[in-house]
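Colleague: Please find one structure pasted underneath; my questions will follow.
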Amino acid sequence: MSEKLLVPDIGEFEKVEVIELLVKVGDQINLNDPVVTIESDKSSVEIPSTVSGKIESVNIKVGDKVSKGDILLSIESSKESPSEKPIPKDTESIIKQAESVLKNEKKEEASQQSPAPEKKQTIIQVTNENDIDPLETQDWLESLSAVVEKDGNQRAHFLIKELINKAYQEGANIPYTQHTPYINTIPPEAEVKSNGDQNIERRIRSLIRWNAAAMVVRANKKFPELGGHIGTFASAATLYDVGMNHFWRAKNNKFGGDLVYFQGHSAPGIYARAFLEGRLNEKQLDSFRQEVKPGGLSSYPHPWLMPKFWQFPTVSMGLGPMLAIYQARYMKYLINRGLIKDEGRKVWAFLGDGEMDEPESLGAIGLASREKLDNLIFVINCNLQRLDGPVRGNGKIIQELEGSFRGAGWNVIKVIWGSYWDSLIANDKTGHLVKAMNETVDGEYQAMKARDGAYVREKFFGKYPETQELVSSLSDKDIWRLNRGGHDPHKVYAAYDQASKNQGSPTVIIAKTIKGYGMGKTGESVNTTHQTKKLDVDDLLYYRDRFDVPLTDDQVKNVEYFKPDEKSPEIKYIKERRMNLGGSLPERTTYAKPIKAPAKDIFDFMKVSTGEKEMSTTMALVRMFTNLLRDKNVSPRLVPIIPDEARTFGMEGFFQKIGIYAHEGQKYEPEDSAQLSSYREDKSGQVLEEGINEAGAMSSWIAAATAYTNHDIEMIPIYIFYSMFGFQRIGDLAWAAGDSQARGFLIGATAGRTTLAGEGLQHQDGHSHLIASTIPNCVTYDPTFHYELAVIFREGLRRMHEKNENIFYYITTMNENYSHPGMPKDKNCEEGILKGMYKIKEFNRYGKTKIQLLGSGTILREMMSAAEILQNEYQIDSEIWSVTSFNELRKDGMEVERYNLLNPDKEQKVSFVEQCLGKTEGPIMAASDYMRMNSDQIRPYTNKSFYSLGTDGYGRSDTRKNLRKFFEVDKEHIVAYGLSVLAKEQLIASKYAKEAIKKYNIDGSKPMPTKL
Ligand SMILES: Cc1ncc(C[n+]2csc(CCOP(=O)(O)OP(=O)(O)O)c2C)c(N)n1
Ligand SMILES: [Mg+2]
């Protein structure tokens, strides 16, 4: 049967050009195979076949303009084709609906038939269940009415509150409220017990505590300027130890490993454990914060400096929580796309209570619950202090965080009180203890731990006669021993156990601890704890005694490390525990296989001229992606990341083609379902459509760009954004990406200060290249023509993903349409594009006066037009250089200069800039669509006179022409300034420049654009 393939609904576009025919007569094709690529002035999309079969005839050719309903080709469809024909979406959804109604009816039927007798337990836990005992309900309601009538609303309110509290204490976490009482979420009787040897674990923990403090004290004895932290780890030691001994599984050849984000300034504790495990030696501990000599231990978690140890840079507070959330989501993405196995791996993130003040910390928690990230566990160490003082002196940080996370849909586990409190809480028949707990603010809780038992008795238990009575038989010492949940391994274990088993939502464990736990009078629970890095002898002796560290007084005075013998039970235990959990943590390894870069010819179509056809480099990029998606090695590994700008960049064609990742698939029929580029969400979708969320998009990009180490799979993330909302917006995340050794592409689209004409000050970017250049392993380019983009991009794929260089690319693309020339035949062109500059054109008609014109991005074209004017009207010759990267040229220049200074007696090297320009004639004038500082970067690396033009100042909206005139980078200004430069160099008379300034109506009295 012969079928005609028509142009489908392509939205508002008509007469769209066919740019590629992907099939020919006689080809056998399958359903959904792309057959032609069409391109509007905004985007290009492939049209898929709606049938399988053999192509009979092709009715169109490249260059034709087509509209909806036009015949593209006819296909001799396979016999089964009618049944293979996709069911129209509307019909399909009707069928689905009908099926789900049927299913529900069946379910109801089943539940009516067999009212399970022992269901009571489950019913209590489900809030919106049907009423199973209306008579009982009636009794309760009548009692309530009677109370309201007799004792009034207040009393009724009180009773309901008490009922809720009671229910919570009994372990029934209902009904939903923002806050629960200030007690542990898991009641003692529901705690799962650890099978570990508590005595030995305590001894190990004491040694880790000691060695962690010792390394900071020793470093600061040697060099007081080095700094470090003791108080943070002291408060978090139990939280880490329980995880290390019982929960966190390492990566090995059988398992992908849990991922743990360690709180940055608890690093000493993590090193101290690695010391006991035999992974670090004393010499290394003694080189804490002395990283210049190889082998030193980095101040904080920095994969760049310790690439075999640390996995995640976390010390810039607020980045850890966000990165962990997107890491967990990206793990699900890889699973749902079938790229890694679902092994029940978890992402754990350790955060400070002060750190939660960073907007980034809480900014993405909604995504975590929306996406049901039950592979994510936050542990917030609430030691009630940050650097300067209390986190919430007048309130309660634990309650506040509980409200935020509960509201966002997380599973919240509060670990407030240690086991010594259990019997007190159980005996609190009047409820006054919980009342006092609820009423006491964090400032008081902190102060109590800086004092002693007598103080606690007076200030806390003294609040009510009932609470006073409760502790009447306890000594002050007993009261002092009443511990906080985060220091009680039993409570912590129970919380971790529940968190690990939780399904359907992320978990946050909010643990209460004491900052500087065990540090004595100078360092425990006092406002200055955070910065305490020296302990005097008395404090050290106290610390030793508090944790029973087997050191003599002299050894303590010398601040010696303590490591038991290899055969001791402690060392055997610690190693055995880790062995059972698969190996050591943290550890950074990679077993990812490289991705073979696509054949060189994959981008050949971008090396020929586009002729009359005008397009932007953004569009050229999209064309290039479409081609990349046909490369079988590269295609599945591409991760396009777009924060709600796909349509701006002409990328909406990807929605249908590769789908938008959505963990629940698509539960609705999209409004535009009949169109070719309709909005398609899919569980195995490839595009990460991040919404209006650049920080989130960058976090996703980092997760994908480091998948080679965290998931042992090389991925190619391409994050495309408005260039102004890139580095400027998420600068610190980009720095963390560099530290993480990310590999991937960042695309700053609508780049430059004059290509995005109408959008104005906050949108027009004149400095993203400069910010990008501050990151040592970020390679940046500002190409003008499509072949430059193709060469750069392919080399990026090769260097990063085939050769595994730890670099990442920042490439700017523009939205200005123009025609693109073919790639120059010069054999050095490709090398020049990659190194940063090459000669693109030369005007040599007069042989008298010459100028070197360097342009990048969109301003290169102004340079080319100016060169023509200079030649035709002023008889000035020129050479035009396309500068693809001032940043790369500067890097080369710096290196060459350094080499020459270090080797004064050797043959001097020549910078690439000088190799290009050294033998040329005339002064140099450079310009870009960025600040002058961009092109000024290469000024030191040539001996010639050098002048820069650029777009310094705030952007504003106007036409491109007016903007370029305003910033003085249009062809007229380039001509006038060029003549002035030549006059200044005494190569021509100044009258020519003066005349040109007049001719082009250039107002010499206009202030510098930076002042406007
Ligand atoms: C973005 C950022 N701002 C400031 C700091 C400096 N800083 C390091 S630790 C710290 C206090 C941390 O308090 P908290 O989060 O409560 O952690 P704790 O040490 O109490 O566990 C501050 C302000 C930082 N590291 N990062
Ligand atoms: Mg804190």
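By order of appearance in the structure tokens: chains A, B, ..., then residues from 1 within every chain, and ligands from 1 in the order shown.
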Could you pull out the residues sitting within 10 Å of ligand 1, using only C-alpha atoms and all ligand atoms, and write them as an NGL selection string?
Modeller: :A and (229-236 or 263-266 or 300 or 314-319 or 350-358 or 360 or 380-391 or 513-516 or 529-531 or 732)
Colleague: Excluding Lys909 (chain A) and its own-chain neighbours fewer than 6 positions away, which residues fall within 8 Å of it when counting only C-alpha atoms? Please give them as a list in words.
Modeller: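 In the requested form, the answer reads Val896, Glu897, Tyr899 and Asn900 of chain A.
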Colleague: Residues at most 7 Å from Leu949 (chain A), counting only C-alpha atoms, excluding those fewer than 6 positions away in the same chain, as a PyMOL selection string?
Modeller: chain A and resi 926-927+932+969
Colleague: Take the residues from that selection and put them in a file with C-alpha atoms, as a PDB file, in the first residue's frame.
Modeller:
```pdb
ATOM      1  CA  ALA A 926      41.439  44.955  18.098  1.00  0.00           C
ATOM      2  CA  ALA A 927      37.777  44.881  18.979  1.00  0.00           C
ATOM      3  CA  ARG A 932      38.226  46.415  26.016  1.00  0.00           C
ATOM      4  CA  VAL A 969      32.367  49.332  17.608  1.00  0.00           C
TER       5      VAL A 969
END
```
Colleague: With a distance cut-off of 12 Å and only C-alpha atoms, select the neighbouring residues of Lys512 (chain A), excluding the residue or stretch itself and same-chain residues fewer than 2 positions from it, and output the selection as number ranges by chain.
Modeller: A: 182-184, 235-236, 238-239, 352-353, 379-385, 396-399, 413-418, 442, 445-446, 483-488, 491-492, 509-510, 514-515, 517
Colleague: Grab the CA of Asn527 (chain A) to CA of Leu401 (chain A) distance for me, in Å with one decimal place.
Modeller: 21.6 Å
Colleague: For Thr951 (chain A), list every protein, DNA or RNA residue within 6 Å, evaluated using only C-alpha atoms, and leave out those in the same chain fewer than 2 positions away; present the list as a list in words.
Modeller: Asp929, Tyr930, Met931 and Phe967 of chain A
Colleague: Nearest residue to ligand 2 out of A:Arg392, A:Lys251, A:Lys596, A:His663, using only C-alpha atoms and all ligand atoms?
Modeller: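 Among the listed residues, the smallest separation from ligand 2 belongs to A:Arg392.
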Colleague: What's around Asn817 (chain A) at 7 Å? Count only C-alpha atoms, leave out sequence neighbours fewer than 4 positions away in its own chain, and write the answer as an NGL selection string.
Modeller: :A and (614-616)
Colleague: Just the residues within 6 Å of region 36-43 of chain A, please, counting only C-alpha atoms, with nothing from its chain fewer than 3 positions along; format it as a PyMOL selection string.
Modeller: chain A and resi 16-22+46-47+650
Colleague: Mind listing the alpha helix (DSSP H) residues of region 696-936 of chain A, per DSSP on the backbone, as an MDAnalysis selection string?
Modeller: chainID A and resid 696:705 707:710 727:739 768:772 786:796 829:835 859:874 886:902 912:917 932:936
Colleague: My list of candidates is A:Lys429, A:Thr942, A:Leu334, A:Val526. Which is closest to ligand 2 when distances are computed with only C-alpha atoms and all ligand atoms?
Modeller: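 Among the listed residues, A:Val526 lies closest to ligand 2.
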Colleague: Using only C-alpha atoms for the distances, tell me which of A:Asp548, A:Glu795, A:Glu690, A:Glu652 is nearest to Leu676 (chain A).
Modeller: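 Closest residue, counting only C-alpha atoms: A:Glu652.
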Colleague: My list of candidates is A:Glu985, A:Asp9, A:Glu466, A:Glu402. Which is closest to Val434 (chain A) when distances are computed with only C-alpha atoms?
Modeller: A:Glu466
Colleague: Taking only C-alpha atoms and all ligand atoms into account, name the residue in A:Asn872, A:Asn844, A:Ser525, A:Thr590 that is nearest to ligand 2.
Modeller: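 Going through A:Asn872, A:Asn844, A:Ser525, A:Thr590 one by one, the smallest distance to ligand 2 is for A:Ser525.
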Colleague: Counting only C-alpha atoms and all ligand atoms, which residue out of A:Asn693, A:Asn30, A:Ser819, A:Thr528 sits closest to ligand 2?
Modeller: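 Closest to ligand 2, using only C-alpha atoms and all ligand atoms: A:Thr528.
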